[in-house]
>>> print(open('my_file04.pdb').read())   # PDB, C-alpha atoms
MODEL        1
ATOM      1  CA  ASP A1108      15.935 -24.307  38.938
ATOM      2  CA  GLY A1109      19.264 -24.321  37.095
ATOM      3  CA  GLY A1110      20.037 -27.400  35.095
ATOM      4  CA  ILE A1111      20.191 -29.253  31.816
ATOM      5  CA  THR A1112      17.107 -30.450  29.992
ATOM      6  CA  GLN A1113      16.966 -32.993  27.226
ATOM      7  CA  SER A1114      13.902 -33.756  25.186
ATOM      8  CA  PRO A1115      12.241 -35.990  24.469
ATOM      9  CA  LYS A1116      13.002 -38.709  27.039
ATOM     10  CA  TYR A1117      12.158 -41.463  24.543
ATOM     11  CA  LEU A1118      12.355 -41.169  20.771
ATOM     12  CA  PHE A1119      11.447 -43.684  18.093
ATOM     13  CA  ARG A1120      12.391 -43.281  14.456
ATOM     14  CA  LYS A1121      12.357 -45.355  11.333
ATOM     15  CA  GLU A1122      15.613 -46.447   9.794
ATOM     16  CA  GLY A1123      16.918 -43.930   7.276
ATOM     17  CA  GLN A1124      15.397 -40.869   8.947
ATOM     18  CA  ASN A1125      17.418 -38.075  10.468
ATOM     19  CA  VAL A1126      16.468 -37.135  14.019
ATOM     20  CA  THR A1127      17.444 -34.182  16.216
ATOM     21  CA  LEU A1128      17.889 -34.435  19.980
ATOM     22  CA  SER A1129      17.462 -31.299  22.027
ATOM     23  CA  CYS A1130      19.752 -30.120  24.845
ATOM     24  CA  GLU A1131      19.261 -26.857  26.742
ATOM     25  CA  GLN A1132      21.112 -25.514  29.783
ATOM     26  CA  ASN A1133      20.465 -22.464  31.954
ATOM     27  CA  LEU A1134      23.672 -22.763  33.972
ATOM     28  CA  ASN A1135      25.450 -20.133  31.854
ATOM     29  CA  HIS A1136      28.098 -22.724  31.014
ATOM     30  CA  ASP A1137      30.418 -22.119  28.082
ATOM     31  CA  ALA A1138      31.094 -25.760  27.191
ATOM     32  CA  MET A1139      28.608 -28.436  26.150
ATOM     33  CA  TYR A1140      29.065 -32.089  25.240
ATOM     34  CA  TRP A1141      27.222 -35.025  23.691
ATOM     35  CA  TYR A1142      27.901 -38.605  24.763
ATOM     36  CA  ARG A1143      26.560 -41.929  23.627
ATOM     37  CA  GLN A1144      26.025 -44.800  26.086
ATOM     38  CA  ASP A1145      25.351 -48.366  25.019
ATOM     39  CA  PRO A1146      24.125 -51.077  27.429
ATOM     40  CA  GLY A1147      26.813 -52.026  29.919
ATOM     41  CA  GLN A1148      29.220 -49.515  28.419
ATOM     42  CA  GLY A1149      30.834 -46.305  29.523
ATOM     43  CA  LEU A1150      30.373 -42.903  27.931
ATOM     44  CA  ARG A1151      31.749 -42.176  24.476
ATOM     45  CA  LEU A1152      32.183 -38.571  23.342
ATOM     46  CA  ILE A1153      30.418 -37.627  20.100
ATOM     47  CA  TYR A1154      30.926 -33.842  19.836
ATOM     48  CA  TYR A1155      31.792 -30.994  22.146
ATOM     49  CA  SER A1156      31.650 -27.236  22.016
ATOM     50  CA  GLN A1157      33.715 -24.883  24.134
ATOM     51  CA  ILE A1158      32.086 -21.697  22.940
ATOM     52  CA  VAL A1159      29.218 -20.461  20.790
ATOM     53  CA  ASN A1160      29.636 -21.049  17.040
ATOM     54  CA  ASP A1161      32.476 -23.506  17.601
ATOM     55  CA  PHE A1162      32.514 -27.274  18.059
ATOM     56  CA  GLN A1163      34.888 -30.212  17.683
ATOM     57  CA  LYS A1164      34.516 -33.881  16.878
ATOM     58  CA  GLY A1165      34.835 -36.350  19.692
ATOM     59  CA  ASP A1166      35.791 -39.998  19.461
ATOM     60  CA  ILE A1167      32.724 -41.223  17.537
ATOM     61  CA  ALA A1168      31.472 -38.259  15.458
ATOM     62  CA  GLU A1169      30.737 -40.170  12.239
ATOM     63  CA  GLY A1170      27.041 -40.086  11.374
ATOM     64  CA  TYR A1171      26.294 -37.208  13.759
ATOM     65  CA  SER A1172      26.140 -33.430  13.395
ATOM     66  CA  VAL A1173      25.737 -30.548  15.859
ATOM     67  CA  SER A1174      25.285 -26.787  15.954
ATOM     68  CA  ARG A1175      25.967 -24.199  18.649
ATOM     69  CA  GLU A1176      24.169 -21.030  17.629
ATOM     70  CA  LYS A1177      23.224 -20.093  21.179
ATOM     71  CA  LYS A1178      25.130 -20.513  24.428
ATOM     72  CA  GLU A1179      22.293 -22.405  26.076
ATOM     73  CA  SER A1180      21.519 -24.835  23.247
ATOM     74  CA  PHE A1181      23.495 -27.682  21.645
ATOM     75  CA  PRO A1182      21.234 -29.892  19.483
ATOM     76  CA  LEU A1183      22.506 -33.200  18.127
ATOM     77  CA  THR A1184      21.318 -34.625  14.799
ATOM     78  CA  VAL A1185      21.614 -38.347  14.288
ATOM     79  CA  THR A1186      21.789 -38.798  10.533
ATOM     80  CA  SER A1187      20.910 -41.783   8.396
ATOM     81  CA  ALA A1188      24.665 -42.311   7.945
ATOM     82  CA  GLN A1189      24.965 -43.484  11.564
ATOM     83  CA  LYS A1190      25.035 -47.256  11.229
ATOM     84  CA  ASN A1191      23.845 -48.183  14.707
ATOM     85  CA  PRO A1192      21.964 -45.218  16.172
ATOM     86  CA  THR A1193      19.919 -46.993  18.848
ATOM     87  CA  ALA A1194      21.453 -45.887  22.154
ATOM     88  CA  PHE A1195      21.088 -43.652  25.215
ATOM     89  CA  TYR A1196      22.282 -40.114  24.468
ATOM     90  CA  LEU A1197      23.558 -37.836  27.215
ATOM     91  CA  CYS A1198      24.180 -34.114  27.038
ATOM     92  CA  ALA A1199      26.499 -32.400  29.510
ATOM     93  CA  SER A1200      27.808 -28.926  30.188
ATOM     94  CA  SER A1201      30.698 -27.404  32.096
ATOM     95  CA  ARG A1202      31.681 -23.897  33.051
ATOM     96  CA  GLN A1203      34.843 -23.541  31.029
ATOM     97  CA  GLY A1204      35.665 -26.716  29.100
ATOM     98  CA  LEU A1205      39.322 -27.408  28.557
ATOM     99  CA  ALA A1206      40.538 -24.115  30.018
ATOM    100  CA  GLY A1207      41.097 -25.525  33.466
ATOM    101  CA  ALA A1208      39.966 -27.918  36.149
ATOM    102  CA  ASP A1209      36.311 -28.285  35.372
ATOM    103  CA  THR A1210      33.266 -30.363  36.234
ATOM    104  CA  GLN A1211      30.663 -31.694  33.829
ATOM    105  CA  TYR A1212      26.977 -31.842  34.730
ATOM    106  CA  PHE A1213      24.626 -34.135  32.853
ATOM    107  CA  GLY A1214      21.088 -33.965  31.571
ATOM    108  CA  PRO A1215      18.575 -36.793  32.093
ATOM    109  CA  GLY A1216      19.285 -38.392  28.699
ATOM    110  CA  THR A1217      17.279 -39.344  25.605
ATOM    111  CA  ARG A1218      16.792 -42.965  24.664
ATOM    112  CA  LEU A1219      16.675 -43.253  20.869
ATOM    113  CA  THR A1220      15.327 -46.401  19.280
ATOM    114  CA  VAL A1221      15.524 -46.835  15.539
ATOM    115  CA  LEU A1222      13.021 -49.333  14.207
TER     116      LEU A1222
ATOM    117  CA  GLY B 836      45.028 -42.591  23.822
ATOM    118  CA  GLN B 837      44.635 -42.086  27.529
ATOM    119  CA  GLN B 838      42.571 -44.647  29.393
ATOM    120  CA  LEU B 839      41.066 -45.043  32.805
ATOM    121  CA  ASN B 840      40.914 -48.463  34.422
ATOM    122  CA  GLN B 841      37.990 -48.676  36.809
ATOM    123  CA  SER B 842      37.560 -51.660  39.087
ATOM    124  CA  PRO B 843      35.766 -53.727  39.976
ATOM    125  CA  GLN B 844      33.365 -53.955  37.024
ATOM    126  CA  SER B 845      30.578 -55.109  39.334
ATOM    127  CA  MET B 846      30.047 -55.773  43.013
ATOM    128  CA  PHE B 847      27.502 -57.805  44.917
ATOM    129  CA  ILE B 848      27.276 -56.843  48.572
ATOM    130  CA  GLN B 849      24.945 -57.178  51.549
ATOM    131  CA  GLU B 850      23.088 -54.137  52.816
ATOM    132  CA  GLY B 851      25.127 -52.442  55.537
ATOM    133  CA  GLU B 852      28.506 -53.422  54.102
ATOM    134  CA  ASP B 853      31.144 -50.889  53.113
ATOM    135  CA  VAL B 854      32.086 -50.550  49.434
ATOM    136  CA  SER B 855      35.351 -49.549  47.816
ATOM    137  CA  MET B 856      36.096 -48.936  44.142
ATOM    138  CA  ASN B 857      38.979 -47.270  42.357
ATOM    139  CA  CYS B 858      40.296 -45.852  39.116
ATOM    140  CA  THR B 859      43.836 -45.799  37.826
ATOM    141  CA  SER B 860      45.474 -44.114  34.876
ATOM    142  CA  SER B 861      48.816 -44.173  33.129
ATOM    143  CA  SER B 862      48.635 -40.370  32.868
ATOM    144  CA  ILE B 863      48.543 -37.573  35.399
ATOM    145  CA  PHE B 864      45.182 -35.933  35.949
ATOM    146  CA  ASN B 865      44.373 -32.481  37.332
ATOM    147  CA  THR B 866      40.806 -33.372  38.295
ATOM    148  CA  TRP B 867      39.031 -36.516  39.456
ATOM    149  CA  LEU B 868      35.252 -36.781  39.468
ATOM    150  CA  TRP B 869      32.887 -39.467  40.729
ATOM    151  CA  TYR B 870      29.353 -39.876  39.356
ATOM    152  CA  LYS B 871      26.408 -42.193  40.077
ATOM    153  CA  GLN B 872      23.950 -43.216  37.379
ATOM    154  CA  ASP B 873      20.540 -44.717  38.089
ATOM    155  CA  PRO B 874      18.885 -46.814  35.346
ATOM    156  CA  GLY B 875      17.561 -44.645  32.524
ATOM    157  CA  GLU B 876      18.901 -41.428  34.047
ATOM    158  CA  GLY B 877      21.877 -39.174  33.515
ATOM    159  CA  PRO B 878      24.942 -39.438  35.785
ATOM    160  CA  VAL B 879      24.817 -37.280  38.891
ATOM    161  CA  LEU B 880      27.994 -35.759  40.292
ATOM    162  CA  LEU B 881      28.871 -37.145  43.733
ATOM    163  CA  ILE B 882      32.305 -35.750  44.514
ATOM    164  CA  ALA B 883      34.826 -33.557  42.678
ATOM    165  CA  LEU B 884      38.536 -33.585  43.578
ATOM    166  CA  TYR B 885      40.972 -30.933  42.376
ATOM    167  CA  LYS B 886      44.173 -31.422  44.364
ATOM    168  CA  ALA B 887      46.573 -34.338  44.846
ATOM    169  CA  GLY B 888      46.031 -35.961  48.244
ATOM    170  CA  GLU B 889      42.624 -34.332  48.677
ATOM    171  CA  LEU B 890      40.158 -36.396  50.708
ATOM    172  CA  THR B 891      36.515 -35.318  50.430
ATOM    173  CA  SER B 892      33.321 -36.674  51.965
ATOM    174  CA  ASN B 893      29.700 -36.356  50.926
ATOM    175  CA  GLY B 894      27.543 -38.053  53.548
ATOM    176  CA  ARG B 895      28.457 -41.741  53.534
ATOM    177  CA  LEU B 896      30.688 -41.290  50.497
ATOM    178  CA  THR B 897      34.398 -40.540  50.690
ATOM    179  CA  ALA B 898      36.749 -40.070  47.761
ATOM    180  CA  GLN B 899      40.454 -39.357  47.516
ATOM    181  CA  PHE B 900      42.689 -37.873  44.816
ATOM    182  CA  GLY B 901      45.790 -40.092  44.783
ATOM    183  CA  ILE B 902      49.097 -38.515  45.690
ATOM    184  CA  THR B 903      50.648 -39.638  42.382
ATOM    185  CA  ARG B 904      47.724 -37.943  40.544
ATOM    186  CA  LYS B 905      47.197 -41.194  38.636
ATOM    187  CA  ASP B 906      44.503 -42.763  40.785
ATOM    188  CA  SER B 907      41.424 -42.137  42.873
ATOM    189  CA  PHE B 908      39.150 -44.226  45.065
ATOM    190  CA  LEU B 909      35.541 -43.967  46.232
ATOM    191  CA  ASN B 910      34.289 -45.549  49.446
ATOM    192  CA  ILE B 911      30.665 -45.953  50.481
ATOM    193  CA  SER B 912      30.042 -46.778  54.122
ATOM    194  CA  ALA B 913      27.072 -48.743  55.469
ATOM    195  CA  SER B 914      25.436 -49.326  52.091
ATOM    196  CA  ILE B 915      21.668 -48.970  51.702
ATOM    197  CA  PRO B 916      19.338 -50.146  48.889
ATOM    198  CA  SER B 917      19.306 -46.756  47.145
ATOM    199  CA  ASP B 918      23.079 -47.009  46.615
ATOM    200  CA  VAL B 919      22.379 -49.470  43.792
ATOM    201  CA  GLY B 920      23.481 -48.126  40.425
ATOM    202  CA  ILE B 921      26.527 -47.566  38.275
ATOM    203  CA  TYR B 922      29.399 -45.490  39.608
ATOM    204  CA  PHE B 923      31.685 -43.755  37.115
ATOM    205  CA  CYS B 924      35.027 -42.172  37.729
ATOM    206  CA  ALA B 925      36.264 -39.435  35.421
ATOM    207  CA  GLY B 926      39.610 -37.724  35.162
ATOM    208  CA  GLN B 927      40.690 -34.600  33.366
ATOM    209  CA  PRO B 928      44.261 -34.181  32.160
ATOM    210  CA  ARG B 929      45.672 -30.658  31.900
ATOM    211  CA  ASP B 930      44.092 -28.793  28.947
ATOM    212  CA  ASP B 931      42.302 -31.858  27.620
ATOM    213  CA  LYS B 932      38.912 -33.522  27.664
ATOM    214  CA  ILE B 933      37.521 -35.444  30.607
ATOM    215  CA  ILE B 934      37.921 -39.220  30.281
ATOM    216  CA  PHE B 935      35.394 -41.606  31.829
ATOM    217  CA  GLY B 936      35.930 -45.050  33.298
ATOM    218  CA  LYS B 937      33.636 -47.880  32.190
ATOM    219  CA  GLY B 938      31.809 -47.898  35.508
ATOM    220  CA  THR B 939      31.324 -50.110  38.553
ATOM    221  CA  ARG B 940      27.857 -51.667  38.818
ATOM    222  CA  LEU B 941      26.804 -51.991  42.455
ATOM    223  CA  HIS B 942      24.231 -54.635  43.412
ATOM    224  CA  ILE B 943      22.872 -54.998  46.950
ATOM    225  CA  LEU B 944      21.643 -58.414  47.976
ATOM    226  CA  PRO B 945      18.465 -58.610  50.065
TER     227      PRO B 945
ENDMDL
END
>>> encode(input="my_file04.pdb", output="structure tokens")
Amino acid sequence: DGGITQSPKYLFRKEGQNVTLSCEQNLNHDAMYWYRQDPGQGLRLIYYSQIVNDFQKGDIAEGYSVSREKKESFPLTVTSAQKNPTAFYLCASSRQGLAGADTQYFGPGTRLTVL
Amino acid sequence: GQQLNQSPQSMFIQEGEDVSMNCTSSSIFNTWLWYKQDPGEGPVLLIALYKAGELTSNGRLTAQFGITRKDSFLNISASIPSDVGIYFCAGQPRDDKIIFGKGTRLHILP
């Protein structure tokens, strides 16, 4: 089945530790995105990548880092610099990003809790 | 920056009732998308609209791309318990990132 996978579903970390969230897609999409969702809130864009080896900061990039070494993978690292990392993290992908009318498809999400 | 106003924030309805929600923007969009999110899951795409005036149905769901390109609505007919969740609109301006509304939380009363 084609789709987006995120792992793990639930993640617990101690304060001060870096943690990496996985996102893989087999849809052959060029663009990938990371969003953060807090309770009762909408989606806020952390980072996005329109093509391999390129990525741009979104609206709330501070305390996060990403890489895009392969088309199908876009891991997100939540660093110790992120002041309030506990949240639900969503990965998405789209066929062509900003190049035209496009549609984003989401993974199932990872709930990160920092203790 | 560009913003989407989605309303209402929440709705409480009886099973079997019709539902209507909408999104408005101060900017013109080239694409409107509607998603549903169940608790603890990622949003699932319901309907995608690419042309002003377009009216598209998906089962009991109907959505329209406003003629001014600054608004869109989603209707759900004859609601059932599994319609409960959060509905997000999203719009994409020309050559820019998709913007999401804050969501409409749908509750169905027993």
>>> interface_residues(input="my_file04.pdb", of="chain B", to="chain A", cutoff="9 Å", atoms="all atoms listed in the file", output="PyMOL selection string")
chain B and resi 865-866+868+875-880+883+885+923+927-938+940
>>> residues_around(input="my_file04.pdb", residues="Gln1163 in chain A", least_positions_apart="4", cutoff="12 Å", atoms="only C-alpha atoms", output="list in words")
Ala1138, Met1139, Tyr1140, Trp1141, Leu1152, Ile1153, Tyr1154, Tyr1155, Ser1156, Gln1157, Ile1158, Val1159, Ile1167, Ala1168, Tyr1171, Ser1172, Val1173, Ser1174, Arg1175 and Gly1204 of chain A; Lys932 of chain B
>>> resolve_selection(input="my_file04.pdb", expression="the PyMOL selection byres ((chain B and resi 845) around 9)", output="ChimeraX atom specification")
/B:842-844,846-847,921,938-942
>>> closest_residue(input="my_file04.pdb", among="A:Asn1160, A:Ser1114, A:Ser1200, A:Thr1186", to="Leu1134 in chain A", atoms="all atoms listed in the file")
A:Ser1200
>>> resolve_selection(input="my_file04.pdb", expression="the PyMOL selection byres ((chain B and resi 851) around 12)", output="list in words")
Ile848, Gln849, Glu850, Glu852, Asp853, Val854, Arg895, Ile911, Ser912, Ala913, Ser914, Ile915, Pro916, Ser917, Asp918, Ile943, Leu944 and Pro945 of chain B
>>> atom_distance(input="my_file04.pdb", atom1="CA of Leu1128 in chain A", atom2="CA of Gln1189 in chain A")
14.2 Å
>>> residues_near_point(input="my_file04.pdb", point="(16.7, -44.0, 18.1)", cutoff="10 Å", atoms="all atoms listed in the file", output="PyMOL selection string")
chain A and resi 1117-1122+1124-1126+1128+1185+1191-1196+1217-1222
>>> atom_distance(input="my_file04.pdb", atom1="CA of Ser860 in chain B", atom2="CA of Leu890 in chain B")
18.4 Å
>>> residues_around(input="my_file04.pdb", residues="Asp906 in chain B", least_positions_apart="2", cutoff="6 Å", atoms="only C-alpha atoms", output="ChimeraX atom specification")
/B:858-859,901,904
>>> closest_residue(input="my_file04.pdb", among="B:Ser907, B:Gln838, B:Ser892, B:Gln872", to="Met856 in chain B", atoms="only C-alpha atoms")
B:Ser907
>>> residues_around(input="my_file04.pdb", residues="range 897-900 of chain B", least_positions_apart="3", cutoff="6 Å", atoms="all atoms listed in the file", output="PyMOL selection string")
chain B and resi 887-892+907-910
>>> resolve_selection(input="my_file04.pdb", expression="the PyMOL selection byres ((chain A and resi 1112) around 6)", output="CSV table (one decimal) with C-alpha atoms, in the frame of the given file")
chain,number,residue,atom,x,y,z
A,1111,ILE,CA,20.2,-29.3,31.8
A,1113,GLN,CA,17.0,-33.0,27.2
A,1130,CYS,CA,19.8,-30.1,24.8
A,1131,GLU,CA,19.3,-26.9,26.7
A,1214,GLY,CA,21.1,-34.0,31.6
>>> atom_distance(input="my_file04.pdb", atom1="CA of Cys924 in chain B", atom2="CA of Asp873 in chain B")
14.7 Å
>>> closest_residue(input="my_file04.pdb", among="B:Val919, B:Ile882, B:Leu896, B:Leu839", to="Phe864 in chain B", atoms="all atoms listed in the file")
B:Leu839
>>> closest_residue(input="my_file04.pdb", among="A:Arg1202, A:Asp1166, A:Ala1188, A:Lys1178", to="Arg1143 in chain A", atoms="all atoms listed in the file")
A:Asp1166
>>> build_atoms(input="my_file04.pdb", residues="range 1143-1154 of chain A", atoms="all heavy atoms", output="mmCIF file, in the coordinates of the input")
data_model
loop_
_atom_site.group_PDB
_atom_site.id
_atom_site.type_symbol
_atom_site.label_atom_id
_atom_site.label_comp_id
_atom_site.auth_asym_id
_atom_site.auth_seq_id
_atom_site.Cartn_x
_atom_site.Cartn_y
_atom_site.Cartn_z
ATOM 1 N N ARG A 1143 27.398 -40.776 23.936
ATOM 2 C CA ARG A 1143 26.560 -41.929 23.627
ATOM 3 C C ARG A 1143 26.890 -43.021 24.641
ATOM 4 O O ARG A 1143 28.059 -43.258 24.973
ATOM 5 C CB ARG A 1143 26.874 -42.410 22.216
ATOM 6 C CG ARG A 1143 26.222 -43.726 21.861
ATOM 7 C CD ARG A 1143 26.637 -44.204 20.496
ATOM 8 N NE ARG A 1143 26.126 -45.559 20.298
ATOM 9 C CZ ARG A 1143 25.515 -45.971 19.202
ATOM 10 N NH1 ARG A 1143 25.359 -45.145 18.169
ATOM 11 N NH2 ARG A 1143 25.083 -47.204 19.110
ATOM 12 N N GLN A 1144 25.830 -43.716 25.137
ATOM 13 C CA GLN A 1144 26.025 -44.800 26.086
ATOM 14 C C GLN A 1144 25.258 -46.013 25.590
ATOM 15 O O GLN A 1144 24.049 -45.943 25.367
ATOM 16 C CB GLN A 1144 25.547 -44.399 27.486
ATOM 17 C CG GLN A 1144 25.863 -45.439 28.549
ATOM 18 C CD GLN A 1144 25.447 -44.994 29.931
ATOM 19 O OE1 GLN A 1144 24.465 -44.273 30.113
ATOM 20 N NE2 GLN A 1144 26.212 -45.401 30.944
ATOM 21 N N ASP A 1145 25.963 -47.101 25.408
ATOM 22 C CA ASP A 1145 25.351 -48.366 25.019
ATOM 23 C C ASP A 1145 25.257 -49.266 26.245
ATOM 24 O O ASP A 1145 26.012 -49.082 27.208
ATOM 25 C CB ASP A 1145 26.164 -49.016 23.907
ATOM 26 C CG ASP A 1145 26.094 -48.213 22.619
ATOM 27 O OD1 ASP A 1145 25.018 -48.231 22.000
ATOM 28 O OD2 ASP A 1145 27.082 -47.541 22.268
ATOM 29 N N PRO A 1146 24.342 -50.235 26.241
ATOM 30 C CA PRO A 1146 24.125 -51.077 27.429
ATOM 31 C C PRO A 1146 25.424 -51.660 27.973
ATOM 32 O O PRO A 1146 26.203 -52.255 27.233
ATOM 33 C CB PRO A 1146 23.188 -52.169 26.910
ATOM 34 C CG PRO A 1146 22.462 -51.543 25.781
ATOM 35 C CD PRO A 1146 23.449 -50.609 25.135
ATOM 36 N N GLY A 1147 25.630 -51.464 29.275
ATOM 37 C CA GLY A 1147 26.813 -52.026 29.919
ATOM 38 C C GLY A 1147 28.117 -51.347 29.555
ATOM 39 O O GLY A 1147 29.188 -51.838 29.905
ATOM 40 N N GLN A 1148 28.015 -50.211 28.869
ATOM 41 C CA GLN A 1148 29.220 -49.515 28.419
ATOM 42 C C GLN A 1148 29.384 -48.191 29.137
ATOM 43 O O GLN A 1148 28.460 -47.667 29.755
ATOM 44 C CB GLN A 1148 29.144 -49.256 26.907
ATOM 45 C CG GLN A 1148 29.007 -50.496 26.072
ATOM 46 C CD GLN A 1148 30.233 -51.365 26.163
ATOM 47 O OE1 GLN A 1148 31.363 -50.874 26.079
ATOM 48 N NE2 GLN A 1148 30.032 -52.655 26.356
ATOM 49 N N GLY A 1149 30.580 -47.642 29.003
ATOM 50 C CA GLY A 1149 30.834 -46.305 29.523
ATOM 51 C C GLY A 1149 30.321 -45.244 28.568
ATOM 52 O O GLY A 1149 29.513 -45.513 27.679
ATOM 53 N N LEU A 1150 30.808 -44.042 28.727
ATOM 54 C CA LEU A 1150 30.373 -42.903 27.931
ATOM 55 C C LEU A 1150 31.379 -42.634 26.818
ATOM 56 O O LEU A 1150 32.574 -42.545 27.078
ATOM 57 C CB LEU A 1150 30.259 -41.661 28.816
ATOM 58 C CG LEU A 1150 29.371 -41.814 30.045
ATOM 59 C CD1 LEU A 1150 29.400 -40.554 30.880
ATOM 60 C CD2 LEU A 1150 27.957 -42.151 29.631
ATOM 61 N N ARG A 1151 30.874 -42.489 25.607
ATOM 62 C CA ARG A 1151 31.749 -42.176 24.476
ATOM 63 C C ARG A 1151 31.378 -40.804 23.931
ATOM 64 O O ARG A 1151 30.213 -40.524 23.669
ATOM 65 C CB ARG A 1151 31.628 -43.244 23.392
ATOM 66 C CG ARG A 1151 32.179 -44.601 23.821
ATOM 67 C CD ARG A 1151 32.224 -45.572 22.666
ATOM 68 N NE ARG A 1151 30.895 -46.004 22.256
ATOM 69 C CZ ARG A 1151 30.637 -46.685 21.142
ATOM 70 N NH1 ARG A 1151 31.623 -46.970 20.304
ATOM 71 N NH2 ARG A 1151 29.407 -47.053 20.863
ATOM 72 N N LEU A 1152 32.391 -39.959 23.738
ATOM 73 C CA LEU A 1152 32.183 -38.571 23.342
ATOM 74 C C LEU A 1152 31.909 -38.468 21.857
ATOM 75 O O LEU A 1152 32.689 -38.955 21.035
ATOM 76 C CB LEU A 1152 33.420 -37.751 23.721
ATOM 77 C CG LEU A 1152 33.361 -36.257 23.439
ATOM 78 C CD1 LEU A 1152 32.276 -35.583 24.287
ATOM 79 C CD2 LEU A 1152 34.718 -35.617 23.718
ATOM 80 N N ILE A 1153 30.803 -37.793 21.501
ATOM 81 C CA ILE A 1153 30.418 -37.627 20.100
ATOM 82 C C ILE A 1153 30.941 -36.285 19.577
ATOM 83 O O ILE A 1153 31.686 -36.226 18.607
ATOM 84 C CB ILE A 1153 28.892 -37.692 19.937
ATOM 85 C CG1 ILE A 1153 28.330 -38.994 20.506
ATOM 86 C CG2 ILE A 1153 28.512 -37.566 18.457
ATOM 87 C CD1 ILE A 1153 26.808 -39.041 20.551
ATOM 88 N N TYR A 1154 30.512 -35.201 20.197
ATOM 89 C CA TYR A 1154 30.926 -33.842 19.836
ATOM 90 C C TYR A 1154 31.002 -33.015 21.107
ATOM 91 O O TYR A 1154 30.348 -33.319 22.102
ATOM 92 C CB TYR A 1154 29.897 -33.186 18.901
ATOM 93 C CG TYR A 1154 30.150 -33.332 17.425
ATOM 94 C CD1 TYR A 1154 29.481 -34.314 16.694
ATOM 95 C CD2 TYR A 1154 31.013 -32.484 16.754
ATOM 96 C CE1 TYR A 1154 29.695 -34.444 15.319
ATOM 97 C CE2 TYR A 1154 31.235 -32.613 15.386
ATOM 98 C CZ TYR A 1154 30.576 -33.601 14.680
ATOM 99 O OH TYR A 1154 30.784 -33.736 13.326
#
